>>> print(open('run_38.txt').read())   # compact mmCIF, C-alpha atoms and all ligand atoms
# COMPACT_ATOMS: atom_id res chain seq x y z
CA MET B 1 92.69 90.78 10.26
CA SER B 2 91.79 87.78 8.16
CA PHE B 3 88.84 88.06 5.80
CA HIS B 4 87.98 84.40 5.75
CA LEU B 5 86.83 82.17 8.56
CA GLU B 6 89.29 79.55 9.74
CA PRO B 7 88.15 75.89 9.48
CA GLU B 8 87.74 75.76 13.29
CA ARG B 9 85.23 78.58 13.23
CA GLU B 10 83.41 77.08 10.25
CA ALA B 11 83.17 73.85 12.27
CA ILE B 12 81.65 75.78 15.19
CA ARG B 13 79.12 77.36 12.82
CA ASP B 14 78.22 73.97 11.35
CA ALA B 15 77.77 72.40 14.79
CA VAL B 16 75.49 75.17 16.09
CA ARG B 17 73.55 75.19 12.82
CA GLU B 18 72.94 71.45 13.06
CA PHE B 19 71.75 71.83 16.67
CA GLY B 20 69.54 74.74 15.62
CA GLU B 21 67.95 72.86 12.75
CA ASN B 22 67.40 69.62 14.66
CA GLU B 23 66.58 70.83 18.16
CA ILE B 24 65.41 74.45 17.96
CA ARG B 25 63.52 75.04 14.69
CA PRO B 26 61.06 72.15 15.18
CA ILE B 27 59.85 73.49 18.56
CA ALA B 28 60.18 77.23 17.96
CA ALA B 29 56.59 78.04 16.94
CA GLU B 30 55.13 76.04 19.81
CA TYR B 31 57.42 77.62 22.43
CA GLU B 32 56.57 81.07 21.05
CA ALA B 33 52.84 80.37 21.23
CA GLU B 34 53.15 79.07 24.80
CA GLN B 35 55.73 81.72 25.80
CA ARG B 36 57.74 78.80 27.15
CA TYR B 37 61.32 79.23 28.34
CA PRO B 38 63.44 76.34 26.96
CA ALA B 39 65.03 75.33 30.29
CA GLU B 40 65.50 71.69 29.28
CA LEU B 41 67.26 72.62 26.02
CA LEU B 42 69.76 74.76 27.91
CA ALA B 43 71.53 71.69 29.33
CA ASP B 44 71.65 70.03 25.89
CA ALA B 45 73.14 73.18 24.38
CA ALA B 46 75.58 73.45 27.28
CA ALA B 47 76.80 69.89 26.69
CA LEU B 48 77.85 71.05 23.22
CA ASP B 49 79.58 74.20 24.58
CA PHE B 50 76.95 76.60 23.20
CA VAL B 51 76.09 78.20 26.55
CA ALA B 52 78.43 81.01 27.65
CA PRO B 53 81.09 79.70 25.22
CA HIS B 54 83.49 82.55 26.01
CA VAL B 55 83.90 81.44 29.64
CA PRO B 56 87.29 79.75 30.23
CA GLU B 57 87.48 75.97 30.40
CA ALA B 58 88.45 76.18 34.09
CA TYR B 59 84.85 77.21 34.81
CA GLY B 60 83.28 74.73 32.42
CA GLY B 61 83.15 76.99 29.37
CA ALA B 62 84.81 76.51 26.00
CA GLY B 63 87.15 79.51 26.18
CA MET B 64 86.00 80.69 22.75
CA ASP B 65 87.41 83.89 21.29
CA PRO B 66 85.01 86.79 20.55
CA ILE B 67 84.49 85.97 16.84
CA SER B 68 83.65 82.32 17.57
CA THR B 69 81.36 83.45 20.39
CA ALA B 70 79.59 85.80 17.95
CA ILE B 71 79.14 82.92 15.50
CA VAL B 72 77.46 80.82 18.21
CA THR B 73 75.00 83.62 18.96
CA GLU B 74 74.40 84.29 15.26
CA GLU B 75 73.51 80.68 14.57
CA LEU B 76 71.30 80.35 17.67
CA TRP B 77 69.37 83.42 16.48
CA ARG B 78 69.27 82.12 12.93
CA ALA B 79 67.54 79.01 14.30
CA ASP B 80 65.07 81.06 16.34
CA PRO B 81 65.41 84.30 18.31
CA GLY B 82 63.00 83.14 21.03
CA VAL B 83 64.35 79.65 21.79
CA GLY B 84 67.89 80.03 20.41
CA GLY B 85 68.00 83.53 21.86
CA SER B 86 67.22 82.15 25.32
CA ILE B 87 70.27 79.90 25.05
CA ALA B 88 72.45 82.76 23.80
CA ALA B 89 71.22 85.07 26.58
CA ALA B 90 71.90 82.56 29.38
CA ASP B 91 75.31 84.19 29.84
CA PHE B 92 74.09 87.77 30.20
CA GLY B 93 76.27 88.86 33.12
CA THR B 94 79.13 86.35 32.88
CA GLY B 95 81.35 88.99 31.26
CA MET B 96 81.11 91.26 34.29
CA LEU B 97 81.48 88.34 36.70
CA LEU B 98 84.59 87.02 34.96
CA GLU B 99 86.25 90.40 34.66
CA TYR B 100 85.45 91.79 38.10
CA GLY B 101 84.04 89.06 40.33
CA ASP B 102 86.42 87.47 42.82
CA GLU B 103 87.51 83.86 42.46
CA ARG B 104 84.99 82.57 45.01
CA LEU B 105 82.02 84.03 43.11
CA CYS B 106 83.32 82.75 39.77
CA GLU B 107 83.86 79.25 41.16
CA GLU B 108 80.46 79.24 42.80
CA TRP B 109 78.39 80.34 39.81
CA LEU B 110 80.17 80.02 36.46
CA PRO B 111 80.23 76.18 36.35
CA GLU B 112 76.45 76.09 36.96
CA ILE B 113 75.86 78.60 34.17
CA THR B 114 78.13 76.87 31.66
CA ALA B 115 76.47 73.53 32.50
CA GLY B 116 73.10 75.01 31.57
CA GLU B 117 71.75 74.52 35.10
CA THR B 118 70.78 78.17 35.36
CA PRO B 119 71.06 81.32 33.28
CA ILE B 120 72.30 84.57 34.86
CA ALA B 121 70.39 87.87 34.79
CA THR B 122 71.69 91.45 34.85
CA GLY B 123 69.53 94.24 36.27
CA ILE B 124 70.44 97.69 35.02
CA SER B 125 67.24 99.22 33.60
CA GLU B 126 64.43 100.53 35.76
CA PRO B 127 60.89 101.70 35.03
CA ALA B 128 61.96 105.36 34.94
CA HIS B 129 65.59 104.99 33.80
CA GLY B 130 66.70 103.04 30.72
CA SER B 131 69.02 104.94 28.40
CA ASN B 132 70.08 107.13 31.30
CA VAL B 133 71.77 104.42 33.34
CA ALA B 134 73.24 106.98 35.73
CA GLY B 135 69.73 108.03 36.77
CA MET B 136 68.94 104.69 38.44
CA GLU B 137 67.13 104.90 41.75
CA THR B 138 67.80 101.47 43.24
CA ARG B 139 69.83 102.02 46.40
CA ALA B 140 72.30 99.88 48.34
CA GLU B 141 73.20 100.81 51.91
CA LYS B 142 75.83 99.21 54.08
CA ASP B 143 74.61 97.49 57.24
CA GLY B 144 77.46 95.80 59.11
CA ASP B 145 79.08 93.35 56.74
CA GLU B 146 76.08 93.29 54.41
CA TRP B 147 74.56 95.54 51.79
CA VAL B 148 70.82 96.13 51.80
CA ILE B 149 69.41 96.74 48.30
CA ASP B 150 66.05 98.34 47.67
CA GLY B 151 64.48 99.29 44.34
CA GLN B 152 62.92 98.07 41.13
CA LYS B 153 64.37 96.72 37.89
CA MET B 154 62.56 96.51 34.56
CA TRP B 155 62.86 94.41 31.39
CA ILE B 156 65.32 92.00 32.95
CA THR B 157 66.23 89.07 30.68
CA ASN B 158 66.11 85.75 32.61
CA GLY B 159 64.64 87.56 35.64
CA THR B 160 62.22 84.79 36.66
CA VAL B 161 64.31 81.80 35.56
CA ALA B 162 67.83 82.70 36.77
CA ASP B 163 69.17 81.44 40.09
CA VAL B 164 71.64 84.31 40.17
CA ALA B 165 71.66 87.95 39.12
CA ILE B 166 73.96 90.92 38.94
CA VAL B 167 72.13 93.98 40.23
CA MET B 168 73.33 97.53 39.71
CA ALA B 169 72.54 99.95 42.54
CA LYS B 170 73.49 103.40 43.75
CA THR B 171 75.88 103.25 46.69
CA SER B 172 76.68 106.98 46.66
CA PRO B 173 73.44 108.50 45.32
CA GLU B 174 74.75 112.06 45.43
CA ARG B 175 77.54 111.14 43.00
CA GLY B 176 75.52 110.18 39.90
CA HIS B 177 77.37 107.80 37.62
CA THR B 178 80.38 107.69 39.94
CA GLY B 179 78.24 106.23 42.72
CA ILE B 180 77.00 102.95 41.21
CA THR B 181 78.05 99.46 42.33
CA ALA B 182 77.49 95.95 40.93
CA PHE B 183 76.28 93.23 43.31
CA LEU B 184 75.84 89.52 42.74
CA THR B 185 72.82 87.96 44.41
CA PRO B 186 71.17 84.57 44.40
CA THR B 187 67.55 85.11 43.37
CA ASP B 188 66.09 82.98 46.18
CA VAL B 189 66.96 85.61 48.82
CA ASP B 190 64.13 87.17 50.81
CA GLY B 191 62.75 90.26 49.10
CA TYR B 192 63.62 89.33 45.47
CA GLU B 193 60.39 89.12 43.51
CA ALA B 194 60.34 88.70 39.75
CA THR B 195 57.24 88.84 37.57
CA ARG B 196 57.38 87.73 33.96
CA ILE B 197 56.39 90.26 31.29
CA THR B 198 54.03 88.39 28.98
CA ASN B 199 52.87 91.04 26.51
CA LYS B 200 56.04 91.44 24.43
CA LEU B 201 55.97 91.94 20.66
CA GLY B 202 58.52 89.20 19.98
CA ILE B 203 61.19 86.88 21.46
CA LYS B 204 58.30 85.45 23.44
CA ALA B 205 60.05 82.26 24.53
CA GLN B 206 62.67 84.44 26.20
CA ASP B 207 62.10 85.30 29.83
CA THR B 208 61.83 89.04 30.49
CA ALA B 209 60.85 90.25 33.94
CA GLU B 210 60.09 93.12 36.24
CA ILE B 211 61.94 92.72 39.53
CA VAL B 212 61.16 94.22 42.90
CA LEU B 213 64.07 94.29 45.35
CA ASP B 214 62.61 94.80 48.80
CA ASP B 215 65.59 95.28 51.12
CA ILE B 216 67.41 92.20 49.87
CA ARG B 217 70.59 91.46 51.86
CA VAL B 218 73.86 90.72 50.08
CA PRO B 219 77.16 89.92 51.86
CA GLU B 220 79.90 92.48 51.25
CA GLU B 221 82.00 89.83 49.47
CA ASN B 222 79.32 89.81 46.74
CA VAL B 223 80.30 93.22 45.45
CA VAL B 224 81.41 92.60 41.86
CA GLY B 225 84.42 94.81 41.25
CA GLU B 226 84.76 97.98 43.28
CA VAL B 227 82.24 100.01 45.24
CA ASP B 228 81.17 103.08 43.21
CA ARG B 229 82.94 101.82 40.04
CA GLY B 230 79.97 99.91 38.63
CA PHE B 231 79.16 102.41 35.88
CA TYR B 232 82.66 102.14 34.42
CA GLN B 233 82.53 98.35 34.67
CA LEU B 234 79.22 98.44 32.82
CA MET B 235 80.63 100.58 30.03
CA GLU B 236 83.29 97.92 29.46
CA PHE B 237 80.70 95.18 29.59
CA PHE B 238 78.58 96.96 26.95
CA ALA B 239 81.13 96.50 24.13
CA PRO B 240 80.94 92.66 24.07
CA ALA B 241 77.19 92.84 24.79
CA ARG B 242 76.69 95.06 21.73
CA VAL B 243 78.78 92.77 19.53
CA ASP B 244 76.50 90.01 20.72
CA VAL B 245 73.39 91.98 19.67
CA ALA B 246 74.99 92.61 16.26
CA ALA B 247 75.42 88.84 15.95
CA GLN B 248 71.80 88.28 17.03
CA ALA B 249 70.60 90.73 14.38
CA THR B 250 72.76 89.10 11.70
CA GLY B 251 71.36 85.69 12.62
CA VAL B 252 67.70 86.64 12.40
CA ALA B 253 68.30 88.62 9.20
CA GLN B 254 70.00 85.59 7.63
CA ALA B 255 67.07 83.39 8.63
CA ALA B 256 64.65 85.89 7.05
CA LEU B 257 66.66 86.04 3.83
CA GLU B 258 66.64 82.24 3.54
CA GLU B 259 62.88 82.18 4.09
CA ALA B 260 62.44 84.84 1.38
CA ILE B 261 64.58 82.88 -1.08
CA ASP B 262 62.66 79.66 -0.40
CA TYR B 263 59.33 81.39 -0.85
CA ALA B 264 60.34 83.32 -3.98
CA THR B 265 61.56 80.17 -5.69
CA GLU B 266 58.30 78.33 -4.90
CA ARG B 267 55.57 80.90 -5.34
CA GLU B 268 54.24 81.56 -8.85
CA GLN B 269 52.38 84.58 -10.18
CA PHE B 270 51.76 85.53 -13.82
CA ASP B 271 52.87 82.00 -14.82
CA ARG B 272 56.35 82.32 -13.40
CA LYS B 273 58.20 82.06 -10.12
CA ILE B 274 58.16 85.39 -8.33
CA ALA B 275 61.95 84.99 -8.08
CA ALA B 276 61.99 85.85 -11.79
CA PHE B 277 60.72 89.39 -11.18
CA GLN B 278 63.45 91.97 -10.99
CA ALA B 279 61.73 93.72 -8.07
CA ILE B 280 62.04 90.53 -6.00
CA ARG B 281 65.57 89.77 -7.20
CA HIS B 282 66.72 93.23 -6.18
CA LYS B 283 65.15 92.87 -2.74
CA ILE B 284 67.04 89.60 -2.25
CA ALA B 285 70.28 91.17 -3.48
CA GLU B 286 69.91 94.17 -1.16
CA MET B 287 69.04 91.99 1.82
CA ALA B 288 72.05 89.75 1.27
CA THR B 289 74.38 92.72 0.84
CA GLY B 290 73.17 94.38 4.05
CA ILE B 291 73.54 91.16 6.01
CA GLU B 292 77.07 90.60 4.73
CA ALA B 293 78.06 94.16 5.67
CA GLY B 294 76.52 93.79 9.14
CA ARG B 295 78.23 90.45 9.69
CA SER B 296 81.61 91.87 8.63
CA LEU B 297 81.21 94.78 11.03
CA ALA B 298 80.16 92.43 13.84
CA TYR B 299 83.22 90.23 13.35
CA ARG B 300 85.49 93.26 13.03
CA ALA B 301 84.12 94.64 16.32
CA ALA B 302 84.54 91.18 17.88
CA SER B 303 88.17 91.09 16.83
CA ALA B 304 88.67 94.62 18.28
CA LEU B 305 87.53 93.32 21.68
CA GLU B 306 90.78 91.35 21.83
CA SER B 307 92.99 94.22 20.72
CA GLY B 308 93.18 95.91 24.12
CA ASP B 309 92.20 99.21 22.45
CA ASP B 310 89.04 99.92 24.43
CA ALA B 311 88.07 103.08 22.55
CA THR B 312 88.16 101.34 19.18
CA ALA B 313 86.28 98.32 20.52
CA THR B 314 83.59 100.59 22.02
CA ARG B 315 83.16 102.51 18.76
CA LEU B 316 83.11 99.46 16.49
CA ALA B 317 80.74 97.60 18.83
CA ALA B 318 78.32 100.56 18.72
CA MET B 319 78.62 100.75 14.92
CA ALA B 320 78.09 97.01 14.52
CA LYS B 321 75.06 97.03 16.83
CA LEU B 322 73.57 100.06 15.11
CA PHE B 323 74.09 98.82 11.56
CA ALA B 324 73.24 95.16 12.05
CA SER B 325 70.06 95.86 14.04
CA GLU B 326 68.77 98.46 11.57
CA THR B 327 69.58 96.00 8.78
CA ALA B 328 67.77 93.16 10.56
CA VAL B 329 64.61 95.24 10.89
CA ASP B 330 64.76 96.27 7.21
CA VAL B 331 65.59 92.76 6.00
CA THR B 332 62.81 91.04 7.96
CA ASP B 333 60.38 93.67 6.67
CA GLU B 334 61.42 93.07 3.05
CA ALA B 335 61.42 89.28 3.52
CA LEU B 336 57.86 89.52 4.83
CA GLN B 337 56.98 91.61 1.76
CA VAL B 338 58.32 88.86 -0.51
CA HIS B 339 55.79 86.51 1.15
CA GLY B 340 52.85 88.82 0.33
CA GLY B 341 49.77 87.99 2.40
CA ALA B 342 51.31 84.69 3.51
CA GLY B 343 53.91 86.70 5.43
CA TYR B 344 51.27 88.40 7.51
CA VAL B 345 50.12 85.24 9.29
CA SER B 346 51.98 82.80 11.49
CA ASP B 347 52.02 79.94 8.93
CA HIS B 348 55.54 80.98 7.96
CA PRO B 349 58.36 81.78 10.42
CA ILE B 350 58.92 85.17 8.76
CA GLU B 351 55.99 86.64 10.72
CA ARG B 352 57.84 85.70 13.93
CA PHE B 353 61.27 86.85 12.70
CA TYR B 354 59.79 90.23 11.74
CA ARG B 355 58.57 90.77 15.31
CA ASP B 356 61.67 89.24 16.92
CA ALA B 357 64.16 91.38 15.00
CA ARG B 358 62.70 94.60 16.39
CA ILE B 359 64.22 94.14 19.85
CA THR B 360 67.77 94.41 18.51
CA LYS B 361 67.28 98.16 17.92
CA ILE B 362 66.23 98.67 21.54
CA TYR B 363 68.15 96.70 24.15
CA ASP B 364 71.79 97.12 25.18
CA GLY B 365 71.39 100.75 24.15
CA THR B 366 68.95 101.97 21.51
CA SER B 367 70.04 102.97 18.00
CA GLU B 368 69.94 106.60 19.12
CA ILE B 369 72.28 105.85 22.02
CA GLN B 370 74.68 103.99 19.69
CA LYS B 371 74.84 107.10 17.51
CA ASN B 372 75.62 109.18 20.61
CA VAL B 373 78.44 106.77 21.54
CA ILE B 374 79.91 106.91 18.03
CA ALA B 375 79.58 110.70 17.71
CA ASP B 376 81.10 111.26 21.17
CA GLN B 377 84.30 109.64 19.93
CA LEU B 378 84.38 111.55 16.68
CA LEU B 379 83.47 115.07 17.82
C1 LIG B 401 62.95 92.37 25.72
C2 LIG B 401 63.86 93.28 26.49
C3 LIG B 401 64.92 92.74 27.22
C4 LIG B 401 65.75 93.58 27.98
N1 LIG B 401 66.73 93.03 28.76
C5 LIG B 401 67.37 93.81 29.68
C6 LIG B 401 68.23 93.25 30.69
O1 LIG B 401 68.47 92.03 30.73
N2 LIG B 401 68.78 94.08 31.59
C7 LIG B 401 68.55 95.40 31.61
O2 LIG B 401 69.07 96.10 32.49
N3 LIG B 401 67.76 95.99 30.66
C8 LIG B 401 67.16 95.22 29.72
N4 LIG B 401 66.32 95.78 28.78
C9 LIG B 401 66.07 97.22 28.81
C10 LIG B 401 66.67 97.96 27.62
O3 LIG B 401 68.06 97.97 27.70
C11 LIG B 401 66.05 99.36 27.61
O4 LIG B 401 64.69 99.20 27.22
C12 LIG B 401 66.76 100.32 26.66
O5 LIG B 401 68.05 100.62 27.15
C13 LIG B 401 65.99 101.64 26.47
O6 LIG B 401 65.59 102.17 27.70
P1 LIG B 401 64.07 102.61 27.91
O7 LIG B 401 63.21 101.46 27.50
O8 LIG B 401 63.91 103.10 29.30
O9 LIG B 401 63.81 103.78 26.88
P2 LIG B 401 64.14 105.33 27.11
O10 LIG B 401 65.52 105.46 27.66
O11 LIG B 401 63.04 105.95 27.87
O12 LIG B 401 64.16 105.87 25.61
C14 LIG B 401 62.97 106.22 24.92
C15 LIG B 401 63.38 106.83 23.56
O13 LIG B 401 64.17 108.01 23.78
C16 LIG B 401 65.41 107.89 23.13
N5 LIG B 401 66.46 108.53 23.91
C17 LIG B 401 66.67 108.45 25.26
N6 LIG B 401 67.75 109.13 25.60
C18 LIG B 401 68.26 109.67 24.46
C19 LIG B 401 69.36 110.51 24.18
N7 LIG B 401 70.22 110.91 25.11
N8 LIG B 401 69.58 110.87 22.88
C20 LIG B 401 68.74 110.45 21.90
N9 LIG B 401 67.66 109.68 22.12
C21 LIG B 401 67.42 109.30 23.39
C22 LIG B 401 65.66 106.39 23.03
O14 LIG B 401 66.58 106.08 21.99
C23 LIG B 401 64.26 105.87 22.73
O15 LIG B 401 63.97 106.01 21.38
C24 LIG B 401 65.53 94.96 27.96
C25 LIG B 401 64.48 95.50 27.20
C26 LIG B 401 63.63 94.68 26.50
C27 LIG B 401 62.47 95.30 25.76
>>> encode(input="run_38.txt", output="structure tokens")
Amino acid sequence: MSFHLEPEREAIRDAVREFGENEIRPIAAEYEAEQRYPAELLADAAALDFVAPHVPEAYGGAGMDPISTAIVTEELWRADPGVGGSIAAADFGTGMLLEYGDERLCEEWLPEITAGETPIATGISEPAHGSNVAGMETRAEKDGDEWVIDGQKMWITNGTVADVAIVMAKTSPERGHTGITAFLTPTDVDGYEATRITNKLGIKAQDTAEIVLDDIRVPEENVVGEVDRGFYQLMEFFAPARVDVAAQATGVAQAALEEAIDYATEREQFDRKIAAFQAIRHKIAEMATGIEAGRSLAYRAASALESGDDATATRLAAMAKLFASETAVDVTDEALQVHGGAGYVSDHPIERFYRDARITKIYDGTSEIQKNVIADQLL
């Protein structure tokens, strides 16, 4: 494994950073205040290959490798976790579709997603079952050549803005985790009702929804992968998703560090810049060190995704997600502290980053679940 980024990847970083600084940062505070999903920006980002960049060129993607894909997410989150994060999350489900969906489904939906015409949603979590995926209660029953899905999904990213969703449901309820199946459904079918959740702590421009599935009908060809194999498909899908969260966390932490440096080199107390105080200098040094360690782990996990060694990729992805998200929460907290009282109000983006970073410890498996995944491999 190389320990420096190739010029191609540096060029990708520069391009996303430029887009982030010119197109995302200037509107971020307003979109957060209005809880506005950046639908129009999705197409602009897609034109530059920043939406679902890992999808092969045949479906309109850029065919980026996992490290380059992580860099795109990192830079979108560095620009702003709400607006940039919406762009990064537009692909949440394309991994499963590409790996397990048949050619017809891929051809029908992936070009629309990579063109930024619609994001995709993935419904796993439910009101009563989050960490315990196998406990889900949503049911799918066969009726002729269709499946009828009934249940409720909770916290679903892109739930009200996506034209298409992957929904996980129990097809053999008596069999626990060996009885779950993935289905692809357009969201305009009868019985699909999504309601936006508007009282989130952060990432407020991102769309998060509660979804009621009232006997929606899905043709049998829309099973993604195999009937009753959905849990195992999900476990595979979690490794790249967790690398992505590690990249998100690294991006927002980097943004917070830069804000802290800017503020510390401007603000004066006791007739000197606060950057002159050792207490502040050490905070900056610790933040930067944590971010660099998290970034290295994220890229290492990304490179493991290509190795074909699923166990190693799963472990490193869990470690990267755990470490980078905990670091992001610590770093944004310390960066806010560097701002003093000014960090406690929305005049500076650090107030937003502090709230936004918190989600990275929760979704795609909480920190506690990542520790379980890591320990299960070691013990
Ligand atoms: C903004 C946002 C976006 C999201 N997007 C999506 C999405 O697109 N699709 C989707 O399906 N889900 C999504 N989620 C849901 C997310 O993945 C879950 O919230 C998460 O997995 C935790 O589940 P839970 O909220 O039910 O918490 P619970 O599972 O009830 O956990 C509560 C607490 O108990 C701990 N805990 C639970 N089990 C264990 C255990 N075995 N060992 C140790 N500790 C344990 C947890 O770590 C946590 O601290 C999103 C959530 C949010 C907030």
>>> closest_atom_pairs(input="run_38.txt", of="chain B", to="ligand LIG 401 (chain B)", cutoff="7 Å", atoms="all atoms listed in the file", output="Markdown table")
| residue | atom | partner | partner_atom | distance |
| --- | --- | --- | --- | --- |
| B:Ala121 | CA | B:LIG401 | O1 | 6.1 |
| B:Thr122 | CA | B:LIG401 | N2 | 5.1 |
| B:Gly123 | CA | B:LIG401 | O2 | 4.2 |
| B:Ile124 | CA | B:LIG401 | O2 | 3.3 |
| B:Ser125 | CA | B:LIG401 | O2 | 3.8 |
| B:Glu126 | CA | B:LIG401 | O8 | 7.0 |
| B:Pro127 | CA | B:LIG401 | O8 | 6.6 |
| B:Ala128 | CA | B:LIG401 | O8 | 6.4 |
| B:His129 | CA | B:LIG401 | O8 | 5.2 |
| B:Gly130 | CA | B:LIG401 | O8 | 3.1 |
| B:Ser131 | CA | B:LIG401 | O10 | 3.6 |
| B:Asn132 | CA | B:LIG401 | O10 | 6.1 |
| B:Met154 | CA | B:LIG401 | N3 | 6.5 |
| B:Trp155 | CA | B:LIG401 | C24 | 4.4 |
| B:Ile156 | CA | B:LIG401 | O1 | 3.9 |
| B:Thr157 | CA | B:LIG401 | O1 | 3.7 |
| B:Asn158 | CA | B:LIG401 | O1 | 7.0 |
| B:Thr208 | CA | B:LIG401 | C3 | 5.8 |
| B:Ile359 | CA | B:LIG401 | C1 | 6.3 |
| B:Ile362 | CA | B:LIG401 | C12 | 5.4 |
| B:Tyr363 | CA | B:LIG401 | O3 | 3.8 |
| B:Asp364 | CA | B:LIG401 | O3 | 4.6 |
| B:Gly365 | CA | B:LIG401 | O5 | 4.5 |
| B:Thr366 | CA | B:LIG401 | O14 | 4.8 |
| B:Ser367 | CA | B:LIG401 | O14 | 6.1 |
| B:Glu368 | CA | B:LIG401 | O14 | 4.4 |
| B:Ile369 | CA | B:LIG401 | O14 | 5.7 |
| B:Asn372 | CA | B:LIG401 | N8 | 6.7 |
>>> residues_around(input="run_38.txt", residues="region 8-15 of chain B", least_positions_apart="3", cutoff="9 Å", atoms="only C-alpha atoms", output="list in words")
Leu5, Glu18, Phe19, Gly20, Leu48, Ile67, Ser68, Ile71, Val72, Glu74 and Glu75 of chain B
>>> atom_distance(input="run_38.txt", atom1="CA of Glu193 (chain B)", atom2="CA of Arg358 (chain B)")
27.8 Å
>>> closest_residue(input="run_38.txt", among="B:Ser86, B:Pro53, B:Leu336, B:Leu76", to="Pro349 (chain B)", atoms="all atoms listed in the file")
B:Leu336
>>> atom_distance(input="run_38.txt", atom1="CA of Glu221 (chain B)", atom2="CA of His54 (chain B)")
24.6 Å
>>> atom_distance(input="run_38.txt", atom1="CA of Gly93 (chain B)", atom2="CA of Val133 (chain B)")
16.2 Å
>>> closest_residue(input="run_38.txt", among="B:Ala264, B:Ala79, B:Ala328, B:Ala162", to="Ala279 (chain B)", atoms="all atoms listed in the file")
B:Ala264
>>> closest_residue(input="run_38.txt", among="B:Ile211, B:Ile374, B:Ala247, B:Leu184", to="Trp147 (chain B)", atoms="all atoms listed in the file")
B:Leu184
>>> residues_around(input="run_38.txt", residues="Phe92 (chain B)", least_positions_apart="3", cutoff="10 Å", atoms="only C-alpha atoms", output="PyMOL selection string")
chain B and resi 52+88-89+95-97+119-123+157-158+165-166+237+241
>>> closest_residue(input="run_38.txt", among="B:Pro56, B:Gly294, B:Gly101, B:Pro186", to="Ala246 (chain B)", atoms="all atoms listed in the file")
B:Gly294
>>> residues_near_point(input="run_38.txt", point="(63.1, 81.8, 22.5)", cutoff="12 Å", atoms="all atoms listed in the file", output="short mmCIF file (atom, residue, chain, number, x, y, z; two decimals) with C-alpha atoms, in the frame of the given file")
data_model
loop_
_atom_site.label_atom_id
_atom_site.label_comp_id
_atom_site.auth_asym_id
_atom_site.auth_seq_id
_atom_site.Cartn_x
_atom_site.Cartn_y
_atom_site.Cartn_z
CA GLY B 20 69.54 74.74 15.62
CA ILE B 24 65.41 74.45 17.96
CA ARG B 25 63.52 75.04 14.69
CA ILE B 27 59.85 73.49 18.56
CA ALA B 28 60.18 77.23 17.96
CA ALA B 29 56.59 78.04 16.94
CA GLU B 30 55.13 76.04 19.81
CA TYR B 31 57.42 77.62 22.43
CA GLU B 32 56.57 81.07 21.05
CA ALA B 33 52.84 80.37 21.23
CA GLU B 34 53.15 79.07 24.80
CA GLN B 35 55.73 81.72 25.80
CA ARG B 36 57.74 78.80 27.15
CA TYR B 37 61.32 79.23 28.34
CA PRO B 38 63.44 76.34 26.96
CA ALA B 39 65.03 75.33 30.29
CA LEU B 41 67.26 72.62 26.02
CA LEU B 42 69.76 74.76 27.91
CA LEU B 76 71.30 80.35 17.67
CA TRP B 77 69.37 83.42 16.48
CA ARG B 78 69.27 82.12 12.93
CA ALA B 79 67.54 79.01 14.30
CA ASP B 80 65.07 81.06 16.34
CA PRO B 81 65.41 84.30 18.31
CA GLY B 82 63.00 83.14 21.03
CA VAL B 83 64.35 79.65 21.79
CA GLY B 84 67.89 80.03 20.41
CA GLY B 85 68.00 83.53 21.86
CA SER B 86 67.22 82.15 25.32
CA ILE B 87 70.27 79.90 25.05
CA ALA B 88 72.45 82.76 23.80
CA ALA B 89 71.22 85.07 26.58
CA ALA B 90 71.90 82.56 29.38
CA THR B 157 66.23 89.07 30.68
CA ASN B 158 66.11 85.75 32.61
CA GLY B 202 58.52 89.20 19.98
CA ILE B 203 61.19 86.88 21.46
CA LYS B 204 58.30 85.45 23.44
CA ALA B 205 60.05 82.26 24.53
CA GLN B 206 62.67 84.44 26.20
CA ASP B 207 62.10 85.30 29.83
CA THR B 208 61.83 89.04 30.49
CA ARG B 352 57.84 85.70 13.93
CA PHE B 353 61.27 86.85 12.70
CA ASP B 356 61.67 89.24 16.92
#
>>> residues_around(input="run_38.txt", residues="Thr327 (chain B)", least_positions_apart="3", cutoff="8 Å", atoms="all atoms listed in the file", output="list of chain:residue names")
B:Ala249, B:Ala253, B:Gly290, B:Ile291, B:Gly294, B:Phe323, B:Ala324, B:Asp330, B:Val331
>>> residues_around(input="run_38.txt", residues="Thr171 (chain B)", least_positions_apart="5", cutoff="7 Å", atoms="only C-alpha atoms", output="count of residues only")
7
>>> closest_residue(input="run_38.txt", among="B:Pro7, B:Gly135, B:Gly63, B:Gly343", to="Phe231 (chain B)", atoms="all atoms listed in the file")
B:Gly135
>>> decode(input="run_38.txt", residues="region 70-74 of chain B", atoms="N, CA and C atoms", output="mmCIF file, in the first residue's frame")
data_model
loop_
_atom_site.group_PDB
_atom_site.id
_atom_site.type_symbol
_atom_site.label_atom_id
_atom_site.label_comp_id
_atom_site.auth_asym_id
_atom_site.auth_seq_id
_atom_site.Cartn_x
_atom_site.Cartn_y
_atom_site.Cartn_z
ATOM 1 N N ALA B 70 -13.773 7.694 -1.408
ATOM 2 C CA ALA B 70 -13.713 8.223 -0.034
ATOM 3 C C ALA B 70 -13.281 9.694 -0.049
ATOM 4 N N ILE B 71 -12.358 10.026 -0.940
ATOM 5 C CA ILE B 71 -11.889 11.421 -1.023
ATOM 6 C C ILE B 71 -13.034 12.342 -1.444
ATOM 7 N N VAL B 72 -13.866 11.878 -2.383
ATOM 8 C CA VAL B 72 -15.009 12.698 -2.816
ATOM 9 C C VAL B 72 -15.924 12.972 -1.617
ATOM 10 N N THR B 73 -16.260 11.923 -0.874
ATOM 11 C CA THR B 73 -17.134 12.102 0.294
ATOM 12 C C THR B 73 -16.483 13.026 1.325
ATOM 13 N N GLU B 74 -15.199 12.802 1.572
ATOM 14 C CA GLU B 74 -14.483 13.611 2.573
ATOM 15 C C GLU B 74 -14.563 15.095 2.227
#
